[in-house]
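Just structure26.txt here, compact mmCIF, C-alpha atoms and all ligand atoms:
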# COMPACT_ATOMS: atom_id res chain seq x y z
CA MET W 224 163.26 151.33 46.21
CA ARG W 225 162.88 150.57 42.50
CA THR W 226 165.72 148.55 40.97
CA PRO W 227 166.79 150.21 37.72
CA LEU W 228 165.98 148.21 34.60
CA VAL W 229 167.63 148.53 31.19
CA VAL W 230 166.03 146.57 28.35
CA GLY W 231 167.36 146.17 24.82
CA ASN W 232 164.76 146.03 22.07
CA TRP W 233 166.59 144.49 19.12
CA LYS W 234 163.55 144.98 16.84
CA MET W 235 163.95 143.01 13.56
CA ASN W 236 167.74 142.90 13.74
CA GLY W 237 170.26 140.15 14.34
CA SER W 238 171.54 136.89 12.92
CA LEU W 239 172.83 133.74 14.58
CA SER W 240 176.41 134.94 14.30
CA ASP W 241 175.75 138.59 15.26
CA ASN W 242 173.67 137.48 18.26
CA LEU W 243 176.41 135.12 19.42
CA SER W 244 178.98 137.86 19.33
CA LEU W 245 176.73 140.45 21.01
CA LEU W 246 175.54 138.13 23.78
CA GLN W 247 179.04 136.81 24.47
CA LYS W 248 180.27 140.38 24.93
CA LEU W 249 177.33 141.32 27.14
CA THR W 250 177.52 138.26 29.39
CA SER W 251 181.29 138.40 29.80
CA GLN W 252 181.42 142.13 30.53
CA TRP W 253 178.24 142.93 32.49
CA GLN W 254 179.00 143.25 36.19
CA ALA W 255 176.89 145.91 37.90
CA ALA W 256 174.50 143.94 40.09
CA ALA W 257 172.32 146.85 41.20
CA VAL W 258 170.68 147.08 37.78
CA GLU W 259 168.53 144.54 35.95
CA MET W 260 169.51 144.08 32.31
CA ALA W 261 167.43 142.30 29.68
CA VAL W 262 167.50 141.78 25.93
CA CYS W 263 164.51 141.23 23.64
CA PRO W 264 165.59 139.53 20.40
CA PRO W 265 163.23 138.57 17.58
CA ALA W 266 161.17 135.50 18.55
CA VAL W 267 163.08 133.14 16.23
CA TYR W 268 166.26 133.80 18.21
CA LEU W 269 164.81 133.24 21.69
CA ALA W 270 166.13 129.65 21.92
CA GLN W 271 169.63 130.80 20.99
CA ALA W 272 169.49 133.68 23.45
CA GLN W 273 168.06 131.46 26.20
CA ALA W 274 171.01 129.08 25.85
CA LEU W 275 173.60 131.86 25.79
CA LEU W 276 172.08 133.72 28.75
CA ALA W 277 171.62 130.63 30.96
CA GLY W 278 173.31 131.13 34.31
CA THR W 279 174.04 134.82 33.68
CA SER W 280 172.42 137.88 35.22
CA ILE W 281 171.11 139.14 31.88
CA GLN W 282 167.43 138.39 31.46
CA LEU W 283 165.41 137.62 28.35
CA GLY W 284 162.29 139.17 26.93
CA ALA W 285 160.12 139.08 23.82
CA GLN W 286 158.98 141.94 21.60
CA ASP W 287 155.29 141.02 21.54
CA ALA W 288 152.83 138.28 22.56
CA SER W 289 149.38 137.22 21.52
CA GLN W 290 146.46 137.99 23.80
CA HIS W 291 145.21 134.45 23.02
CA SER W 292 146.51 131.30 24.70
CA SER W 293 146.47 129.02 21.61
CA GLY W 294 144.64 128.33 18.39
CA ALA W 295 144.25 129.54 14.83
CA TYR W 296 146.29 132.75 15.02
CA THR W 297 148.86 132.39 12.25
CA GLY W 298 152.15 134.08 12.93
CA GLU W 299 151.51 134.69 16.62
CA CYS W 300 153.32 133.45 19.75
CA SER W 301 151.48 132.84 23.02
CA VAL W 302 152.78 133.94 26.39
CA ALA W 303 153.19 130.28 27.42
CA MET W 304 155.46 129.70 24.41
CA LEU W 305 157.60 132.69 25.35
CA GLN W 306 157.75 131.40 28.90
CA GLU W 307 159.08 128.04 27.67
CA PHE W 308 162.01 129.89 26.15
CA GLY W 309 162.87 131.65 29.40
CA CYS W 310 161.31 135.05 28.77
CA GLN W 311 160.72 137.13 31.87
CA PHE W 312 159.59 140.26 30.04
CA VAL W 313 157.32 140.99 27.08
CA ILE W 314 157.27 144.36 25.36
CA ILE W 315 153.76 145.32 24.29
CA GLY W 316 152.24 148.36 22.64
CA HIS W 317 155.46 149.50 21.00
CA SER W 318 154.64 152.43 18.74
CA GLU W 319 155.86 150.44 15.72
CA ARG W 320 153.22 147.80 16.47
CA ARG W 321 150.57 150.42 17.16
CA GLN W 322 151.46 152.10 13.86
CA TYR W 323 152.26 149.22 11.46
CA HIS W 324 149.98 146.56 12.96
CA ALA W 325 147.11 148.81 14.01
CA GLU W 326 147.33 147.75 17.65
CA SER W 327 144.74 149.61 19.69
CA ASP W 328 144.81 150.64 23.35
CA GLN W 329 142.28 147.86 23.99
CA LEU W 330 144.41 145.18 22.33
CA VAL W 331 147.48 146.30 24.29
CA ALA W 332 145.42 146.06 27.47
CA GLU W 333 144.30 142.51 26.56
CA LYS W 334 147.90 141.47 25.92
CA CYS W 335 148.90 142.99 29.23
CA LEU W 336 146.32 140.91 31.07
CA ALA W 337 147.42 137.69 29.34
CA ILE W 338 151.07 138.35 30.23
CA LYS W 339 150.32 139.23 33.85
CA ALA W 340 148.10 136.18 34.23
CA SER W 341 151.07 133.98 33.21
CA GLY W 342 153.38 135.59 35.72
CA LEU W 343 155.62 137.38 33.21
CA THR W 344 156.30 141.11 33.28
CA PRO W 345 154.71 143.24 30.58
CA ILE W 346 156.62 146.32 29.46
CA VAL W 347 153.79 148.54 28.28
CA CYS W 348 154.96 151.20 25.82
CA VAL W 349 153.16 154.52 25.63
CA GLY W 350 154.08 157.65 23.73
CA GLU W 351 152.87 160.60 21.76
CA SER W 352 153.55 161.62 18.16
CA LEU W 353 155.26 164.86 17.27
CA ALA W 354 151.94 166.35 16.14
CA GLU W 355 150.36 165.41 19.46
CA ARG W 356 153.23 166.99 21.40
CA GLU W 357 153.13 170.14 19.30
CA GLY W 358 149.36 170.27 19.74
CA GLY W 359 149.75 170.19 23.53
CA ALA W 360 148.13 166.76 23.79
CA THR W 361 151.06 164.79 25.23
CA LEU W 362 149.70 164.16 28.72
CA ALA W 363 146.19 163.42 27.45
CA VAL W 364 147.49 160.81 25.00
CA ILE W 365 149.66 159.11 27.61
CA GLN W 366 146.83 159.20 30.13
CA ARG W 367 144.46 157.52 27.62
CA GLN W 368 146.98 154.77 26.83
CA VAL W 369 147.73 154.07 30.51
CA GLN W 370 144.05 154.22 31.51
CA ALA W 371 143.08 151.56 28.96
CA VAL W 372 145.48 149.14 30.66
CA LEU W 373 144.38 150.16 34.17
CA ASP W 374 140.72 149.71 33.30
CA HIS W 375 141.17 146.31 31.68
CA VAL W 376 143.71 144.75 34.02
CA GLY W 377 142.81 146.45 37.30
CA SER W 378 145.36 148.12 39.51
CA GLU W 379 145.84 145.17 41.89
CA GLN W 380 146.60 142.75 39.04
CA LEU W 381 148.88 145.32 37.47
CA ALA W 382 151.45 145.26 40.30
CA GLY W 383 154.92 144.63 38.89
CA VAL W 384 154.08 145.94 35.42
CA VAL W 385 156.73 148.10 33.75
CA ILE W 386 155.72 151.17 31.76
CA ALA W 387 157.99 152.55 29.02
CA TYR W 388 157.46 156.14 28.01
CA GLU W 389 158.65 156.38 24.41
CA PRO W 390 157.83 159.60 22.58
CA ILE W 391 157.37 158.44 18.98
CA TRP W 392 159.32 161.42 17.63
CA ALA W 393 162.37 160.30 19.62
CA ILE W 394 162.45 156.64 18.51
CA GLY W 395 165.30 155.91 16.14
CA THR W 396 165.52 159.57 15.14
CA GLY W 397 168.47 160.68 17.23
CA LEU W 398 166.13 163.16 18.92
CA THR W 399 165.75 162.60 22.65
CA ALA W 400 163.22 164.09 25.03
CA SER W 401 165.08 166.37 27.40
CA PRO W 402 165.37 164.94 30.91
CA GLU W 403 162.81 167.54 32.02
CA GLN W 404 160.34 166.64 29.24
CA ALA W 405 160.64 162.95 30.09
CA GLN W 406 160.40 163.58 33.84
CA GLU W 407 157.16 165.54 33.40
CA VAL W 408 155.51 162.59 31.65
CA HIS W 409 156.97 159.99 34.03
CA ALA W 410 155.67 161.92 37.04
CA ALA W 411 152.22 162.15 35.46
CA ILE W 412 152.16 158.39 34.79
CA ARG W 413 153.21 157.66 38.37
CA GLN W 414 150.47 159.89 39.67
CA GLN W 415 147.88 158.26 37.43
CA LEU W 416 148.84 154.82 38.76
CA GLN W 417 148.01 156.09 42.26
CA ALA W 418 149.06 153.62 45.01
CA LEU W 419 150.70 151.35 42.43
CA GLY W 420 152.83 154.23 41.16
CA ALA W 421 155.41 154.26 43.95
CA SER W 422 156.63 150.75 43.11
CA THR W 423 156.13 150.79 39.33
CA ARG W 424 159.23 151.06 37.18
CA ILE W 425 158.83 153.63 34.44
CA LEU W 426 161.47 153.42 31.70
CA TYR W 427 162.32 156.09 29.18
CA GLY W 428 162.89 155.11 25.54
CA GLY W 429 163.82 157.15 22.50
CA SER W 430 167.40 157.42 21.22
CA VAL W 431 168.94 156.60 24.60
CA LYS W 432 172.72 156.38 24.19
CA ALA W 433 175.76 156.12 26.38
CA GLY W 434 176.12 159.89 26.10
CA ASN W 435 172.65 160.91 27.33
CA ALA W 436 171.71 158.05 29.66
CA LYS W 437 173.20 159.51 32.82
CA GLU W 438 171.26 162.78 32.69
CA LEU W 439 168.01 160.92 31.99
CA PHE W 440 168.59 158.47 34.85
CA ALA W 441 169.27 161.38 37.21
CA MET W 442 165.57 162.32 37.05
CA ALA W 443 163.48 161.22 40.03
CA ASP W 444 160.89 159.22 38.09
CA ILE W 445 163.07 157.64 35.39
CA ASP W 446 163.87 154.08 36.49
CA GLY W 447 165.82 152.87 33.49
CA ALA W 448 165.53 152.66 29.73
CA LEU W 449 164.10 150.76 26.81
CA VAL W 450 166.90 150.94 24.28
CA GLY W 451 166.61 150.27 20.54
CA GLY W 452 169.58 151.03 18.29
CA ALA W 453 172.19 151.31 21.03
CA SER W 454 171.28 147.88 22.41
CA LEU W 455 172.81 146.27 19.31
CA ILE W 456 176.28 147.57 20.19
CA ALA W 457 177.63 145.79 23.27
CA GLU W 458 179.82 148.65 24.48
CA ASP W 459 176.96 151.16 24.21
CA PHE W 460 174.38 148.93 25.89
CA LEU W 461 176.80 148.09 28.70
CA ALA W 462 177.58 151.78 29.20
CA ILE W 463 173.86 152.55 29.49
CA GLY W 464 173.51 149.76 32.06
CA THR W 465 176.44 151.14 34.01
CA ALA W 466 174.93 154.65 33.92
CA ALA W 467 171.74 153.23 35.46
CA ALA W 468 173.76 151.82 38.35
CA GLN W 469 175.05 155.23 39.46
C1 LIG C 1 162.71 151.48 20.83
O1 LIG C 1 162.60 150.89 19.78
O2 LIG C 1 162.04 151.11 21.81
C2 LIG C 1 163.64 152.61 20.91
C3 LIG C 1 163.60 153.37 21.95
O3 LIG C 1 164.51 152.76 19.85
P1 LIG C 1 165.77 153.76 19.77
O4 LIG C 1 166.53 153.61 21.08
O5 LIG C 1 166.57 153.28 18.61
O6 LIG C 1 165.23 155.14 19.61
Output the file's structure as structure tokens, nothing else.
Ligand code: PEP
Amino acid sequence: MRTPLVVGNWKMNGSLSDNLSLLQKLTSQWQAAAVEMAVCPPAVYLAQAQALLAGTSIQLGAQDASQHSSGAYTGECSVAMLQEFGCQFVIIGHSERRQYHAESDQLVAEKCLAIKASGLTPIVCVGESLAEREGGATLAVIQRQVQAVLDHVGSEQLAGVVIAYEPIWAIGTGLTASPEQAQEVHAAIRQQLQALGASTRILYGGSVKAGNAKELFAMADIDGALVGGASLIAEDFLAIGTAAAQ
């Protein structure tokens, strides 16, 4: 039995006052206990979010972490630092980081190992571009991205990891993979993970909204969502969480 998980990726959005309002709405209105909910604000707001989420059932995550534990890495945050601010999850390998920060499969795998070694839960994002999908390369691309993590971390160490399938063409575009398109990729990832697959939560991400969440969550291998834009609107994020509970 995999507990559904719905994670909000705020990206580079928010302000002290907007965050206060959003988190107050989420914590006062979230009730469904059969679903895990988490938010991932920008790192500078983790202390604020930690204080506002204390004692609630909404968990906290970060949008990235360094593969290094400390040292001369300007601009980076270590996993231990994120842990001090109450993070349970760390998103890694988001396509925006792969694209704008040239993060390779190998680097994502190294980050995954560092996060697992500290006892936090990595949310490893994988996904194909539109050109790759149209060229029939979707499953090969996903397989390569997942295999890099498997090879580096090892399947025993990887237990508890969360994978997020996020087709790049569906992120922030309003386009969503159909439930069948997403299910095909989720099933392939589960199969690739072999024995680990049965217990691994595989989230879908890419323009998930209150209006399409239910049909995505109805698929056998979709265990929740990584939500960008809709996670900034309390009512929408709560509705997605509620859809995951059904
Ligand atoms: C994301 O950034 O992980 C994402 C899925 O964004 P959106 O929901 O806005 O497409």
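CA of Cys310 (chain W) to CA of Gln370 (chain W) spans 25.9 Å [interatomic distance, one decimal].
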All residues having an atom within 6 Å of ligand LIG 1 (chain C) (all atoms listed in the file) as a list in words: Asn232, Ala393, Ile394, Gly395, Gly428, Gly429, Ser430, Val431, Leu449, Val450, Gly451 and Gly452 of chain W
Please write as a PyMOL selection string the list of polymer residues whose atoms come within 12 Å of (151.2, 139.9, 22.2), counting all atoms listed in the file and keeping to the coordinates of the file. chain W and resi 266+285-293+296+298-305+312-317+320-321+324+326-327+330-339+345-347
Filtering to C-alpha atoms, could you give me those residues as an mmCIF file, keeping the file's coordinate frame?
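Result file is part.cif:
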data_model
loop_
_atom_site.group_PDB
_atom_site.id
_atom_site.type_symbol
_atom_site.label_atom_id
_atom_site.label_comp_id
_atom_site.auth_asym_id
_atom_site.auth_seq_id
_atom_site.Cartn_x
_atom_site.Cartn_y
_atom_site.Cartn_z
ATOM 1 C CA ALA W 266 161.170 135.500 18.550
ATOM 2 C CA ALA W 285 160.120 139.080 23.820
ATOM 3 C CA GLN W 286 158.980 141.940 21.600
ATOM 4 C CA ASP W 287 155.290 141.020 21.540
ATOM 5 C CA ALA W 288 152.830 138.280 22.560
ATOM 6 C CA SER W 289 149.380 137.220 21.520
ATOM 7 C CA GLN W 290 146.460 137.990 23.800
ATOM 8 C CA HIS W 291 145.210 134.450 23.020
ATOM 9 C CA SER W 292 146.510 131.300 24.700
ATOM 10 C CA SER W 293 146.470 129.020 21.610
ATOM 11 C CA TYR W 296 146.290 132.750 15.020
ATOM 12 C CA GLY W 298 152.150 134.080 12.930
ATOM 13 C CA GLU W 299 151.510 134.690 16.620
ATOM 14 C CA CYS W 300 153.320 133.450 19.750
ATOM 15 C CA SER W 301 151.480 132.840 23.020
ATOM 16 C CA VAL W 302 152.780 133.940 26.390
ATOM 17 C CA ALA W 303 153.190 130.280 27.420
ATOM 18 C CA MET W 304 155.460 129.700 24.410
ATOM 19 C CA LEU W 305 157.600 132.690 25.350
ATOM 20 C CA PHE W 312 159.590 140.260 30.040
ATOM 21 C CA VAL W 313 157.320 140.990 27.080
ATOM 22 C CA ILE W 314 157.270 144.360 25.360
ATOM 23 C CA ILE W 315 153.760 145.320 24.290
ATOM 24 C CA GLY W 316 152.240 148.360 22.640
ATOM 25 C CA HIS W 317 155.460 149.500 21.000
ATOM 26 C CA ARG W 320 153.220 147.800 16.470
ATOM 27 C CA ARG W 321 150.570 150.420 17.160
ATOM 28 C CA HIS W 324 149.980 146.560 12.960
ATOM 29 C CA GLU W 326 147.330 147.750 17.650
ATOM 30 C CA SER W 327 144.740 149.610 19.690
ATOM 31 C CA LEU W 330 144.410 145.180 22.330
ATOM 32 C CA VAL W 331 147.480 146.300 24.290
ATOM 33 C CA ALA W 332 145.420 146.060 27.470
ATOM 34 C CA GLU W 333 144.300 142.510 26.560
ATOM 35 C CA LYS W 334 147.900 141.470 25.920
ATOM 36 C CA CYS W 335 148.900 142.990 29.230
ATOM 37 C CA LEU W 336 146.320 140.910 31.070
ATOM 38 C CA ALA W 337 147.420 137.690 29.340
ATOM 39 C CA ILE W 338 151.070 138.350 30.230
ATOM 40 C CA LYS W 339 150.320 139.230 33.850
ATOM 41 C CA PRO W 345 154.710 143.240 30.580
ATOM 42 C CA ILE W 346 156.620 146.320 29.460
ATOM 43 C CA VAL W 347 153.790 148.540 28.280
#
Each side padded by 8 Å, which centre and which edge lengths in Å (one decimal) define the axis-aligned box around the listed atoms of region 391-408 of chain W? Give them as AutoDock Vina command-line options.
--center_x 162.0 --center_y 161.7 --center_z 24.5 --size_x 29.0 --size_y 27.6 --size_z 34.7
Any idea what's packed within 8 Å of region 254-260 of chain W, counting all atoms listed in the file, ignoring anything in its chain fewer than 3 positions away? Could you give it as a list in words?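 With the cut-off at 8 Å, the set is Thr226, Pro227, Leu228, Val229, Val230, Ser280, Ile281, Gln282, Gly464, Thr465, Ala467 and Ala468 of chain W.
Distance annotation: of W:Thr279, W:Gln252, W:Gln322, W:Asn435, the residue with the minimal separation from Ala466 (chain W) is W:Asn435; atom set is all atoms listed in the file.
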What's the separation between CA of Ala272 (chain W) and CA of Asp459 (chain W), in Å to one decimal place?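 Straight-line distance from CA of Ala272 (chain W) to CA of Asp459 (chain W) works out to 19.0 Å.
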In terms of only C-alpha atoms, the residue from W:Ser454, W:Gln406, W:Ser378, W:Ser318 at minimal distance from Gly231 (chain W) is W:Ser454
Please write as a ChimeraX atom specification the list of polymer residues whose atoms come within 8 Å of (155.6, 147.4, 35.5), counting only C-alpha atoms and keeping to the coordinates of the file. /W:344-347,381-386,423-425
Quick one: pull the distance between CA of Thr396 (chain W) and CA of Thr361 (chain W), Å, one decimal.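 Taking CA of Thr396 (chain W) as the start and CA of Thr361 (chain W) as the end point, the length is 18.4 Å.
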Given all atoms listed in the file as the basis, pick out the residue of W:Lys432, W:Lys234, W:Arg225, W:His409 nearest to Gln366 (chain W). W:His409
For Ser244 (chain W), which of W:Leu275, W:Ala295, W:Val267, W:Ala433 is the closest residue, counting all atoms listed in the file?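 Counting all atoms listed in the file, the residue closest to Ser244 (chain W) is W:Leu275.
Distance annotation: of W:Ala418, W:Ala457, W:Leu373, W:Ala405, the residue with the minimal separation from Ile445 (chain W) is W:Ala405; atom set is only C-alpha atoms.
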Selection: 9 Å around Pro402 (chain W), all atoms listed in the file, excl. self and same-chain fewer than 3 positions, as a VMD selection string: chain W and resid 399 405 to 407 438 to 442 445
Here is a test: counting all atoms listed in the file, which residue of W:Leu243, W:Leu353, W:Ala462, W:Leu249 is nearest to Trp392 (chain W)? W:Leu353
